[in-house]
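Shown here: entry16.cif, mmCIF, C-alpha atoms and all ligand atoms.
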```cif
data_upload
#
loop_
_atom_site.label_atom_id
_atom_site.label_comp_id
_atom_site.auth_asym_id
_atom_site.auth_seq_id
_atom_site.Cartn_x
_atom_site.Cartn_y
_atom_site.Cartn_z
CA MET A 899 -14.19 14.26 13.73
CA ALA A 900 -16.39 13.05 10.87
CA ARG A 901 -13.26 12.26 8.90
CA TRP A 902 -11.87 10.11 11.70
CA LEU A 903 -15.19 8.31 12.12
CA HIS A 904 -15.14 7.62 8.40
CA LEU A 905 -11.59 6.27 8.65
CA VAL A 906 -12.59 3.95 11.50
CA GLY A 907 -15.50 2.67 9.40
CA ARG A 908 -13.21 2.17 6.44
CA PHE A 909 -10.78 0.27 8.68
CA PHE A 910 -13.50 -2.25 9.50
CA ASP A 911 -14.44 -2.52 5.83
CA VAL A 912 -10.83 -3.47 5.13
CA VAL A 913 -10.63 -5.94 8.01
CA PHE A 914 -13.85 -7.70 6.94
CA ALA A 915 -13.23 -7.53 3.20
CA TYR A 916 -13.99 -10.70 1.25
CA PRO A 917 -13.36 -11.68 -2.36
CA LEU A 918 -15.67 -10.75 -5.21
CA ASP A 919 -17.93 -13.58 -6.31
CA ASP A 920 -18.40 -14.66 -9.94
CA ASP A 921 -21.23 -12.21 -10.61
CA GLU A 922 -19.23 -9.35 -9.16
CA ARG A 923 -16.15 -10.25 -11.19
CA ARG A 924 -18.34 -10.35 -14.29
CA ARG A 925 -19.68 -6.92 -13.43
CA VAL A 926 -16.13 -5.60 -13.14
CA SER A 927 -15.15 -7.16 -16.46
CA GLU A 928 -18.14 -5.49 -18.14
CA LEU A 929 -16.94 -2.05 -17.02
CA LEU A 930 -13.22 -2.48 -17.61
CA ARG A 931 -11.34 -3.15 -20.78
CA PRO A 932 -9.47 -6.43 -20.94
CA GLY A 933 -5.73 -6.09 -20.45
CA PRO A 934 -3.98 -3.70 -18.05
CA GLU A 935 -7.16 -2.11 -16.67
CA PHE A 936 -8.76 -5.36 -15.64
CA GLU A 937 -5.48 -6.93 -14.54
CA ALA A 938 -4.58 -3.92 -12.38
CA PHE A 939 -8.01 -3.95 -10.76
CA MET A 940 -7.77 -7.63 -9.93
CA ALA A 941 -4.17 -7.19 -8.70
CA GLN A 942 -5.47 -4.94 -5.92
CA PRO A 943 -5.94 -6.28 -2.41
CA VAL A 944 -9.44 -7.70 -1.89
CA ALA A 945 -10.47 -4.71 0.23
CA ASP A 946 -9.63 -2.28 -2.59
CA GLN A 947 -11.48 -4.40 -5.16
CA ARG A 948 -14.53 -4.40 -2.90
CA HIS A 949 -14.27 -0.65 -2.24
CA GLY A 950 -13.98 0.11 -5.96
CA LEU A 951 -16.95 -2.07 -6.84
CA GLU A 952 -19.08 -0.59 -4.05
CA ALA A 953 -18.25 2.89 -5.33
CA ALA A 954 -19.11 1.90 -8.91
CA GLU A 955 -22.43 0.37 -7.85
CA THR A 956 -23.27 3.52 -5.88
CA VAL A 957 -22.71 5.56 -9.04
CA ALA A 958 -24.65 3.04 -11.15
CA ALA A 959 -27.68 3.29 -8.85
CA ALA A 960 -27.81 7.07 -9.32
CA ALA A 961 -26.57 7.32 -12.92
CA PRO A 962 -27.08 3.99 -14.72
CA ASP A 963 -26.18 5.45 -18.12
CA ARG A 964 -22.92 7.05 -17.00
CA LEU A 965 -20.44 4.27 -17.63
CA ASP A 966 -17.61 6.81 -17.57
CA LEU A 967 -18.46 7.75 -13.97
CA GLN A 968 -18.88 4.11 -13.00
CA ARG A 969 -15.44 3.38 -14.42
CA ALA A 970 -13.98 6.41 -12.62
CA ALA A 971 -15.36 5.10 -9.33
CA LEU A 972 -14.20 1.56 -9.99
CA LEU A 973 -10.63 2.56 -10.83
CA HIS A 974 -9.97 5.59 -8.61
CA ASP A 975 -7.77 3.79 -6.04
CA VAL A 976 -5.99 1.44 -8.43
CA GLY A 977 -2.67 3.15 -7.66
CA LYS A 978 -2.81 2.00 -4.03
CA ARG A 979 -1.57 -1.44 -4.99
CA HIS A 980 1.91 0.01 -5.53
CA SER A 981 2.32 0.75 -1.82
CA GLY A 982 2.20 -2.91 -0.85
CA LEU A 983 0.84 -1.88 2.55
CA GLY A 984 -1.47 -4.12 4.58
CA VAL A 985 -4.08 -3.04 7.11
CA VAL A 986 -1.65 -2.02 9.84
CA GLY A 987 0.68 -0.34 7.36
CA ARG A 988 -2.20 1.72 6.01
CA VAL A 989 -3.22 2.83 9.48
CA LEU A 990 0.36 3.89 10.13
CA ALA A 991 0.51 5.69 6.78
CA THR A 992 -2.65 7.62 7.68
CA VAL A 993 -1.25 8.50 11.10
CA ALA A 994 2.06 9.50 9.53
CA ALA A 995 0.30 11.74 7.01
CA GLY A 996 -1.49 13.48 9.89
CA LEU A 997 1.80 14.06 11.69
CA GLY A 998 3.80 15.56 8.86
CA GLY A 999 4.83 12.28 7.16
CA PRO A 1000 5.10 10.13 5.11
CA TRP A 1001 8.05 8.52 6.85
CA THR A 1002 8.81 5.64 4.47
CA ARG A 1003 8.88 5.00 0.72
CA ARG A 1004 5.82 2.77 0.97
CA GLN A 1005 3.95 5.45 2.87
CA ARG A 1006 4.94 7.94 0.18
CA ARG A 1007 3.55 5.65 -2.51
CA TYR A 1008 0.37 5.18 -0.50
CA GLN A 1009 -0.04 8.93 -0.14
CA ASP A 1010 0.64 9.42 -3.87
CA HIS A 1011 -1.74 6.67 -5.00
CA GLY A 1012 -3.98 9.09 -6.87
CA ALA A 1013 -1.20 10.41 -9.08
CA LEU A 1014 0.32 6.95 -9.56
CA GLY A 1015 -3.00 5.46 -10.65
CA ALA A 1016 -3.84 8.42 -12.88
CA ALA A 1017 -0.53 8.11 -14.75
CA GLU A 1018 -1.20 4.44 -15.42
CA LEU A 1019 -4.79 5.01 -16.49
CA GLU A 1020 -3.71 7.76 -18.85
CA ALA A 1021 -1.04 5.49 -20.37
CA TRP A 1022 -3.67 2.78 -20.87
CA GLY A 1023 -5.94 5.21 -22.72
CA ALA A 1024 -8.68 5.67 -20.13
CA GLU A 1025 -11.06 8.56 -20.74
CA PRO A 1026 -10.14 11.97 -19.24
CA ILE A 1027 -12.71 11.89 -16.42
CA VAL A 1028 -11.38 8.53 -15.21
CA VAL A 1029 -7.83 9.89 -15.17
CA ALA A 1030 -8.89 13.19 -13.57
CA TYR A 1031 -10.86 11.57 -10.78
CA ALA A 1032 -8.03 9.18 -9.93
CA ARG A 1033 -5.61 12.10 -9.80
CA HIS A 1034 -7.74 14.51 -7.77
CA HIS A 1035 -10.03 12.40 -5.62
CA HIS A 1036 -8.28 13.34 -2.37
CA GLY A 1037 -8.10 17.00 -3.35
CA THR A 1038 -10.35 19.56 -4.93
CA ARG A 1039 -12.51 19.27 -8.03
CA PRO A 1040 -10.66 19.91 -11.29
CA ASP A 1041 -12.38 21.86 -14.08
CA GLU A 1042 -12.78 18.78 -16.27
CA VAL A 1043 -15.15 17.15 -13.75
CA ALA A 1044 -18.60 18.78 -13.54
CA PRO A 1045 -19.79 19.67 -10.01
CA GLY A 1046 -22.66 17.17 -10.07
CA ASP A 1047 -20.42 14.36 -11.28
CA TRP A 1048 -17.83 15.23 -8.64
CA ALA A 1049 -20.45 15.17 -5.86
CA LEU A 1050 -21.70 11.75 -6.96
CA LEU A 1051 -18.16 10.33 -7.17
CA GLU A 1052 -17.29 11.71 -3.74
CA ARG A 1053 -20.43 10.17 -2.27
CA ALA A 1054 -19.54 6.87 -3.92
CA ASP A 1055 -16.02 6.99 -2.48
CA ARG A 1056 -17.51 7.31 1.01
CA ALA A 1057 -19.94 4.41 0.54
CA ARG A 1058 -19.57 1.78 3.23
CA ILE A 1059 -19.81 -1.94 2.50
CA PRO A 1060 -23.37 -3.00 3.45
CA ARG A 1061 -23.57 -5.13 6.60
CA ARG A 1062 -25.65 -7.72 4.75
CA ARG A 1063 -22.64 -8.51 2.59
CA ARG A 1064 -20.28 -8.53 5.55
CA VAL A 1065 -22.46 -11.10 7.31
CA ARG A 1066 -22.38 -13.27 4.22
CA ALA A 1067 -18.61 -12.88 4.18
CA SER A 1068 -18.19 -13.94 7.78
CA SER A 1069 -19.77 -17.30 7.00
CA ARG A 1070 -17.14 -18.05 4.37
FE FE A 1101 -7.93 7.13 -2.58
FE FE A 1102 -11.42 5.45 -2.37
#
```
When written as C-alpha cells, how does the structure in this file appear?
Amino acid sequence: MARWLHLVGRFFDVVFAYPLDDDERRRVSELLRPGPEFEAFMAQPVADQRHGLEAAETVAAAAPDRLDLQRAALLHDVGKRHSGLGVVGRVLATVAAGLGGPWTRRQRRYQDHGALGAAELEAWGAEPIVVAYARHHHGTRPDEVAPGDWALLERADRARIPRRRRVRASSR
C-alpha cells in the first residue's frame, strides 16, 4: 500500500514538474562533469531532472561533504531517458510490470533503466558508487555501497518535490 501511495505522489510530481532555473542548473553543473554526464542529465525529461536534483539536495543536506553520494543521487535515473515514455506511458509501464510485463520494447527499456544508466555511467568513467547505485537502486544493496550510504540514497530517491516549489511552478 505504501508503495502505491508513493507512486501516486510521484505521479503528481511528474505532472507538476517544471524546468530547473539558472541556479539549479548551475548546481547540477557543479556536481557533474562537462560532456556526456551533464548532457545526459539535461537530456532527461524535466520531471527526471527535478527528481534527480531533489534527491541530490536531500543527500547534500545530510552529507554535505559526500559529493560521490550527491552525484549518485543526481544520476541514478539517467537511463530512463532511453524509454521515451511520457506520463501515461510510465503509468502503463508500472501497471504492466505489476502484471507480469513489460509488454513493449519501451516498457522493457523503462524497466531496465538502472542497468542502462549504469552501463553509460561506467563507460563515462563515473566512480564505482555512482555506477553501483544506478544499477541496483530498484533492488537490494550491493556490497560496494555501505549500509548507511544506501539508506541515505534510498531516502533521497523517495524525496517528494516540496509544495512550495510546485506553487512557484504553477505561476509560470
Ligand atoms: Fe529508478
Ligand atoms: Fe529515482
Point to revise | Nearest candidate to ligand FE 1101 (chain A) (options A:Arg1003, A:Ala938, A:Arg925, A:Arg908; using all atoms listed in the file) | key: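 When distances to ligand FE 1101 (chain A) are compared using all atoms listed in the file, the smallest one comes from A:Arg908.
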Review point. When distances are computed from all atoms listed in the file, which of A:Pro1000, A:Gly950, A:Gly1037, A:Gly1046 shows the smallest separation from ligand FE 1102 (chain A)?
Key: A:Gly950
Review point. A:Phe910: which residues within 12 Å, counting all atoms listed in the file, same-chain residues fewer than 5 positions away excluded, as a PyMOL selection string?
Key: chain A and resi 903-905+915-916+945+949+985-986+989+1058-1061+1064
Review point. Which residues come within 8 Å of A:Glu1042, counting all atoms listed in the file, excluding same-chain residues fewer than 2 positions away, as a list in words?
Key: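 Once the nearby chain positions are removed, what remains is Pro1026, Ile1027, Ala1030, Pro1040 and Ala1044 of chain A.
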Check your understanding: Could you pull the residues within 9 Å of A:Leu967, counting all atoms listed in the file, minus those fewer than 4 positions along the same chain, as a PyMOL selection string?
Key -> chain A and resi 954+957-958+961+971-972+1027-1028+1047+1050-1051
Exercise for review: Enumerate residues in contact with ligand FE 1102 (chain A): an atom-to-atom distance of at most 12 Å, counting all atoms listed in the file. Format the result as JSON, numbers by chain.
Suggested key: {"A": [904, 905, 908, 911, 912, 945, 946, 947, 948, 949, 950, 951, 952, 953, 954, 970, 971, 972, 973, 974, 975, 976, 977, 978, 1008, 1011, 1012, 1015, 1031, 1032, 1033, 1034, 1035, 1036, 1051, 1052, 1053, 1054, 1055, 1056, 1057, 1058]}
Review point. What separation in Å, quoted to one decimal, exists between atom CA of A:Arg964 and atom CA of A:Arg931?
Key: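 So the two atoms, atom CA of A:Arg964 and atom CA of A:Arg931, lie 15.9 Å apart.
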Please complete stretch 940-966 of chain A so it has N, CA and C atoms, and hand it over as a PDB file, in the frame of the given file.
```pdb
ATOM      1  N   MET A 940      -7.767  -6.349 -10.636  1.00  0.00           N
ATOM      2  CA  MET A 940      -7.770  -7.630  -9.930  1.00  0.00           C
ATOM      3  C   MET A 940      -6.471  -7.850  -9.153  1.00  0.00           C
ATOM      4  N   ALA A 941      -5.429  -7.082  -9.445  1.00  0.00           N
ATOM      5  CA  ALA A 941      -4.170  -7.190  -8.700  1.00  0.00           C
ATOM      6  C   ALA A 941      -4.239  -6.434  -7.372  1.00  0.00           C
ATOM      7  N   GLN A 942      -5.310  -5.672  -7.177  1.00  0.00           N
ATOM      8  CA  GLN A 942      -5.470  -4.940  -5.920  1.00  0.00           C
ATOM      9  C   GLN A 942      -5.777  -5.900  -4.778  1.00  0.00           C
ATOM     10  N   PRO A 943      -5.462  -5.508  -3.550  1.00  0.00           N
ATOM     11  CA  PRO A 943      -5.940  -6.280  -2.410  1.00  0.00           C
ATOM     12  C   PRO A 943      -7.473  -6.382  -2.449  1.00  0.00           C
ATOM     13  N   VAL A 944      -7.984  -7.458  -1.868  1.00  0.00           N
ATOM     14  CA  VAL A 944      -9.440  -7.700  -1.890  1.00  0.00           C
ATOM     15  C   VAL A 944     -10.220  -6.490  -1.383  1.00  0.00           C
ATOM     16  N   ALA A 945      -9.733  -5.854  -0.334  1.00  0.00           N
ATOM     17  CA  ALA A 945     -10.470  -4.710   0.230  1.00  0.00           C
ATOM     18  C   ALA A 945     -10.593  -3.574  -0.779  1.00  0.00           C
ATOM     19  N   ASP A 946      -9.567  -3.359  -1.594  1.00  0.00           N
ATOM     20  CA  ASP A 946      -9.630  -2.280  -2.590  1.00  0.00           C
ATOM     21  C   ASP A 946     -10.534  -2.666  -3.751  1.00  0.00           C
ATOM     22  N   GLN A 947     -10.527  -3.950  -4.130  1.00  0.00           N
ATOM     23  CA  GLN A 947     -11.480  -4.400  -5.160  1.00  0.00           C
ATOM     24  C   GLN A 947     -12.907  -4.144  -4.680  1.00  0.00           C
ATOM     25  N   ARG A 948     -13.161  -4.523  -3.443  1.00  0.00           N
ATOM     26  CA  ARG A 948     -14.530  -4.400  -2.900  1.00  0.00           C
ATOM     27  C   ARG A 948     -14.932  -2.927  -2.794  1.00  0.00           C
ATOM     28  N   HIS A 949     -13.991  -2.091  -2.353  1.00  0.00           N
ATOM     29  CA  HIS A 949     -14.270  -0.650  -2.240  1.00  0.00           C
ATOM     30  C   HIS A 949     -14.568  -0.053  -3.624  1.00  0.00           C
ATOM     31  N   GLY A 950     -13.764  -0.419  -4.617  1.00  0.00           N
ATOM     32  CA  GLY A 950     -13.980   0.110  -5.960  1.00  0.00           C
ATOM     33  C   GLY A 950     -15.330  -0.318  -6.514  1.00  0.00           C
ATOM     34  N   LEU A 951     -15.666  -1.576  -6.328  1.00  0.00           N
ATOM     35  CA  LEU A 951     -16.950  -2.070  -6.840  1.00  0.00           C
ATOM     36  C   LEU A 951     -18.113  -1.404  -6.114  1.00  0.00           C
ATOM     37  N   GLU A 952     -18.005  -1.245  -4.801  1.00  0.00           N
ATOM     38  CA  GLU A 952     -19.080  -0.590  -4.050  1.00  0.00           C
ATOM     39  C   GLU A 952     -19.282   0.843  -4.553  1.00  0.00           C
ATOM     40  N   ALA A 953     -18.162   1.517  -4.813  1.00  0.00           N
ATOM     41  CA  ALA A 953     -18.250   2.890  -5.330  1.00  0.00           C
ATOM     42  C   ALA A 953     -18.916   2.888  -6.710  1.00  0.00           C
ATOM     43  N   ALA A 954     -18.523   1.958  -7.567  1.00  0.00           N
ATOM     44  CA  ALA A 954     -19.110   1.900  -8.910  1.00  0.00           C
ATOM     45  C   ALA A 954     -20.603   1.599  -8.852  1.00  0.00           C
ATOM     46  N   GLU A 955     -21.003   0.711  -7.959  1.00  0.00           N
ATOM     47  CA  GLU A 955     -22.430   0.370  -7.850  1.00  0.00           C
ATOM     48  C   GLU A 955     -23.228   1.545  -7.278  1.00  0.00           C
ATOM     49  N   THR A 956     -22.599   2.323  -6.408  1.00  0.00           N
ATOM     50  CA  THR A 956     -23.270   3.520  -5.880  1.00  0.00           C
ATOM     51  C   THR A 956     -23.520   4.506  -7.018  1.00  0.00           C
ATOM     52  N   VAL A 957     -22.533   4.676  -7.885  1.00  0.00           N
ATOM     53  CA  VAL A 957     -22.710   5.560  -9.040  1.00  0.00           C
ATOM     54  C   VAL A 957     -23.780   4.987  -9.974  1.00  0.00           C
ATOM     55  N   ALA A 958     -23.718   3.674 -10.220  1.00  0.00           N
ATOM     56  CA  ALA A 958     -24.650   3.040 -11.150  1.00  0.00           C
ATOM     57  C   ALA A 958     -26.099   3.200 -10.691  1.00  0.00           C
ATOM     58  N   ALA A 959     -26.318   3.157  -9.374  1.00  0.00           N
ATOM     59  CA  ALA A 959     -27.680   3.290  -8.850  1.00  0.00           C
ATOM     60  C   ALA A 959     -28.235   4.688  -9.133  1.00  0.00           C
ATOM     61  N   ALA A 960     -27.367   5.683  -9.117  1.00  0.00           N
ATOM     62  CA  ALA A 960     -27.810   7.070  -9.320  1.00  0.00           C
ATOM     63  C   ALA A 960     -27.726   7.488 -10.780  1.00  0.00           C
ATOM     64  N   ALA A 961     -26.802   6.908 -11.525  1.00  0.00           N
ATOM     65  CA  ALA A 961     -26.570   7.320 -12.920  1.00  0.00           C
ATOM     66  C   ALA A 961     -26.269   6.088 -13.764  1.00  0.00           C
ATOM     67  N   PRO A 962     -27.316   5.269 -14.036  1.00  0.00           N
ATOM     68  CA  PRO A 962     -27.080   3.990 -14.720  1.00  0.00           C
ATOM     69  C   PRO A 962     -26.508   4.129 -16.120  1.00  0.00           C
ATOM     70  N   ASP A 963     -26.696   5.285 -16.750  1.00  0.00           N
ATOM     71  CA  ASP A 963     -26.180   5.450 -18.120  1.00  0.00           C
ATOM     72  C   ASP A 963     -24.768   6.033 -18.167  1.00  0.00           C
ATOM     73  N   ARG A 964     -24.235   6.409 -17.010  1.00  0.00           N
ATOM     74  CA  ARG A 964     -22.920   7.050 -17.000  1.00  0.00           C
ATOM     75  C   ARG A 964     -21.814   6.024 -16.740  1.00  0.00           C
ATOM     76  N   LEU A 965     -21.495   5.278 -17.782  1.00  0.00           N
ATOM     77  CA  LEU A 965     -20.440   4.270 -17.630  1.00  0.00           C
ATOM     78  C   LEU A 965     -19.088   4.906 -17.345  1.00  0.00           C
ATOM     79  N   ASP A 966     -18.890   6.140 -17.846  1.00  0.00           N
ATOM     80  CA  ASP A 966     -17.610   6.810 -17.570  1.00  0.00           C
ATOM     81  C   ASP A 966     -17.446   7.065 -16.067  1.00  0.00           C
TER      82      ASP A 966
END
```
